[in-house]
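Below: the structure, in structure tokens.
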Amino acid sequence: MLTYEFPPIGGGLANTCYYLLKEFTNTSTLEIDLVTSSPDNTFRIRKFSNNLRIFELSVNKKDLHFWRMSEVIKWTWKAYRFSNKLINRYDYDLCHCWSGWPAGIIGYACRKDVPYIISLRGSDVPGYNVRLKILDKIFLNFVSMIVWKNAKAITANSRKLRELAEKTYNRKSIQVIYNGVDAIKFRPITNRDGFNVLFVGRLIKRKGVIYLLKAINEVFGEYNNLKLTMVGEGPQMKYLENFCKQERIDTRVEFLGAVEHENIATIYQRADILVLPSFEESLANVALEGMASGLPIITTNGGTAELLDGNGFIVEKKNHKQIKEEIIRYMRNRELLKRHGRKSRKIAEKMSWDNTAQAYMHIYNFR
């Protein structure tokens with residue numbers, strides 16, 4: 001199994017891999033060696049359980065929550081060389097590549113020795129990340145077609161991401177396997193004060209956070225009992241903080257930075273709604289965590305919108321007016337807020353990590 005992100009490095013992809021490994025610890029017929037990145041630039045081998053080992057490669061990581069292209073290239077080269085050593089020593093049946101690149105490139109390079117499958121996540125799909133627009137045209141479109149064509153199976157974590165992937169390569173069936181959620185760890189409480197809006201995610205331009213702040217700024221002009229909590233780090237953090245200072249709302253917007261995943265459940269419990277205004281999103285783990293915590297969701301028409309069924313609202317991308325309207329709608333109608341929160345919880349309870357793990361086991365067994 002190959003993934004360049006694993007806790008404490010990364011976000012949704014890292015947490016997906018972590019929770020699946022937890023599920024696989026109970027699978028006696030499965031043995032996994034996971035090759036990933038070291039958070040402190042020290043190579044180590046960790047035993048996750050009796051049937052799971054983790055190999056952490058040093059890539060001189062500068063920021064646990066943001067990847068530089070030089071770091072991605074370094075991990076790809078090191079992971080390729082290390083994977084070859086493992087393949088020469090052990091008899092593997094399958095290589096599970098988390099992301100079309102860089103992990104999928106390694107799977108393709110080792111395909112004569114081990115068949116591979118790919119799990120598409122977002123930025124590894126051409127056209128998903130605006131930051132990679134030029135690289136998609138000159139390199140990644142071509143590479144993706146070759147890597148995907150030779151994979152034994154391809155999965156995507158939302159229908160929206162599958163549709164985007166099919167624009168690059170539509171000659172192979174792509175199975176949608178949704179992320180899961182720990183509905184025991186993430187659960188609702190009812191003793192909230194005031195009205196609390198929450199955002200969780202990397203503070204990058206693609207997340208559309210500036211439009212949430214613009215909406216909140218206008219809501220503040222009409223309501224005094226509103227608070228916004230921001231969880232996450234990224235290159236836009238200073239820009240967003242400066243916006244809050246310029247608009248004089250910094251005392252009512254709290255930037256918590258990166259929060260350890262084991263500590264984030266209580267933050268969801270202090271919120272009333274979760275707002276995810278991304279320009280593009282495959283399917284956010286944080287949406288499922290918020291739903292399991294009993295929160296309605298306001299989001300754009302990306303993969304996360306597939307989770308909405310009477311438990312939130314879809315707004316146009318880059319439209320802070322609509323975000324404002326939906327926040328105010330919940331503030332004025334507490335019964336609607338409670339009803340959508342209950343529906344969120346009900347949906348999340350059906351999306352267990354066990355179901356996700358079983359879907360992958362089916363692919364493993366019929367590779």
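Each chain of the structure tokens is named A, B, ... in the order shown, its residues numbered from 1; ligands are numbered from 1 in display order.
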All helix (DSSP H, G or I) positions in range 83-170 of chain A, as a ChimeraX atom specification: /A:83-89,103-109,130-150,159-168
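Residues of range 165-262 of chain A carrying a DSSP assignment of strand (DSSP E), computed from the backbone, are Ile174, Gln175, Val176, Phe195, Asn196, Val197, Leu198, Phe199, Val200, Leu226, Lys227, Leu228, Thr229, Met230, Val231, Val253, Glu254, Phe255, Leu256 and Gly257 of chain A.
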Check which residues of range 136-219 of chain A sit at most 10 Å from range 297-301 of chain A using only C-alpha atoms, and return one row each with the closest pair of atoms and their distance in Å to one decimal, ordered by chain and rising number, as a Markdown table.
```
| residue | atom | partner | partner_atom | distance |
| --- | --- | --- | --- | --- |
| A:Lys160 | CA | A:Asn301 | CA | 9.0 |
| A:Leu198 | CA | A:Ile297 | CA | 9.9 |
| A:Gly208 | CA | A:Thr300 | CA | 9.7 |
```
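Of note, CA of Gly201 in chain A and CA of Phe55 in chain A are spaced 26.5 Å apart.
For the choices A:Ala271, A:Ala258, A:Leu308, A:Val35, the atom-to-atom distance to Pro8 in chain A is smallest for A:Ala258 when using only C-alpha atoms.
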For Lys346 in chain A: contacts at 10 Å, only C-alpha atoms, fewer than 5 positions along chain excluded, given as a VMD selection string: chain A and resid 183 291 to 292 294 311 340 to 341 351
Residue contacts of Leu120 in chain A (10 Å, only C-alpha atoms) excluding same-chain residues fewer than 4 positions away, as a compact mmCIF listing (two decimals) with N, CA and C atoms, in the first residue's frame:
```txt
# COMPACT_ATOMS: atom_id res chain seq x y z
N LEU A 13 -7.01 12.29 2.99
CA LEU A 13 -6.40 11.05 2.52
C LEU A 13 -5.72 10.32 3.66
N CYS A 97 -2.55 1.71 -4.55
CA CYS A 97 -1.98 3.06 -4.68
C CYS A 97 -3.03 4.10 -4.31
N TRP A 98 -2.79 4.82 -3.25
CA TRP A 98 -3.71 5.89 -2.84
C TRP A 98 -3.33 7.16 -3.59
N SER A 99 -4.03 7.40 -4.67
CA SER A 99 -3.88 8.55 -5.58
C SER A 99 -3.26 8.08 -6.89
N GLY A 100 -3.74 8.69 -7.97
CA GLY A 100 -3.22 8.36 -9.30
C GLY A 100 -1.76 8.75 -9.44
N TRP A 101 -1.39 9.84 -8.82
CA TRP A 101 0.00 10.23 -8.68
C TRP A 101 0.17 10.89 -7.32
N GLY A 104 0.31 6.15 -7.83
CA GLY A 104 -0.03 5.36 -9.01
C GLY A 104 1.12 5.21 -9.98
N ASP A 124 -5.27 14.41 -7.84
CA ASP A 124 -4.61 13.48 -8.76
C ASP A 124 -5.42 13.26 -10.03
N VAL A 125 -6.59 13.91 -10.13
CA VAL A 125 -7.42 13.83 -11.33
C VAL A 125 -7.27 15.13 -12.12
N TRP A 148 -3.77 4.79 -15.36
CA TRP A 148 -5.11 4.26 -15.14
C TRP A 148 -5.38 3.06 -16.05
N ILE A 154 -9.91 0.78 -10.55
CA ILE A 154 -9.83 2.19 -10.16
C ILE A 154 -11.05 2.51 -9.31
N THR A 155 -10.83 3.23 -8.22
CA THR A 155 -11.94 3.71 -7.40
C THR A 155 -11.87 5.22 -7.29
N ALA A 156 -13.01 5.83 -6.98
CA ALA A 156 -13.10 7.26 -6.69
C ALA A 156 -13.96 7.42 -5.45
N ASN A 157 -13.75 8.48 -4.69
CA ASN A 157 -14.49 8.62 -3.43
C ASN A 157 -15.77 9.44 -3.57
N SER A 158 -16.19 9.74 -4.82
CA SER A 158 -17.48 10.39 -5.05
C SER A 158 -17.86 10.23 -6.52
N LEU A 161 -16.22 13.05 -8.62
CA LEU A 161 -14.83 12.82 -8.99
C LEU A 161 -14.74 11.79 -10.11
N ARG A 162 -15.60 10.77 -10.06
CA ARG A 162 -15.61 9.78 -11.14
C ARG A 162 -15.96 10.45 -12.47
N ALA A 165 -12.96 12.27 -13.70
CA ALA A 165 -11.92 11.34 -14.16
C ALA A 165 -12.26 10.77 -15.53
N ILE A 174 -14.93 2.86 -13.25
CA ILE A 174 -14.43 3.43 -12.01
C ILE A 174 -15.50 3.24 -10.93
N VAL A 176 -17.22 3.81 -7.34
CA VAL A 176 -17.28 4.81 -6.27
C VAL A 176 -17.33 4.10 -4.92
N SER A 282 -13.77 16.55 -3.82
CA SER A 282 -14.20 15.19 -4.17
C SER A 282 -15.24 14.72 -3.17
```
Long-range neighbours of Val147 in chain A as an MDAnalysis selection string, 10 Å cut-off, only C-alpha atoms, 6 positions minimum in chain: chainID A and resid 100:101 104:109 111 116:118
Go ahead and save the picked residues with C-alpha atoms, as a PDB file, in the first residue's frame.
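Wrote again.pdb, looks like this:
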```pdb
ATOM      1  CA  GLY A 100      -3.216   8.359  -9.298  1.00  0.00           C
ATOM      2  CA  TRP A 101       0.002  10.227  -8.679  1.00  0.00           C
ATOM      3  CA  GLY A 104      -0.031   5.364  -9.006  1.00  0.00           C
ATOM      4  CA  ILE A 105       3.142   6.149 -10.943  1.00  0.00           C
ATOM      5  CA  ILE A 106       5.054   3.814  -8.618  1.00  0.00           C
ATOM      6  CA  GLY A 107       2.402   1.133  -9.044  1.00  0.00           C
ATOM      7  CA  TYR A 108       2.725   1.436 -12.816  1.00  0.00           C
ATOM      8  CA  ALA A 109       6.534   1.251 -12.653  1.00  0.00           C
ATOM      9  CA  ARG A 111       3.433  -3.505 -12.582  1.00  0.00           C
ATOM     10  CA  TYR A 116      -1.918  -2.520  -8.799  1.00  0.00           C
ATOM     11  CA  ILE A 117      -5.170  -0.692  -8.123  1.00  0.00           C
ATOM     12  CA  ILE A 118      -5.684   3.071  -7.781  1.00  0.00           C
TER      13      ILE A 118
END
```
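Taking CA of Ala284 in chain A and CA of His65 in chain A as endpoints, the distance between them is 15.3 Å.
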Residue neighbourhood range 352-359 of chain A, 12 Å, only C-alpha atoms, exclusion window fewer than 5 positions, as JSON, numbers by chain: {"A": [15, 16, 17, 18, 19, 20, 21, 22, 23, 24, 25, 26, 27, 30, 155, 156, 157, 175, 176, 177, 178, 179, 180, 181, 182, 183, 184, 185, 186, 285, 288, 289, 292, 346, 347, 364, 365, 366]}
Residues near range 320-329 of chain A, cut-off 12 Å, only C-alpha atoms, skip fewer than 2 positions along chain, as a PyMOL selection string: chain A and resi 195-198+208-223+225-228+272-278+296-300+312-318+331-337
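Of the listed residues A:Val259, A:Leu132, A:Lys205, A:Val114, the one whose atoms come nearest to Met237 in chain A is A:Lys205, with distances taken using only C-alpha atoms.
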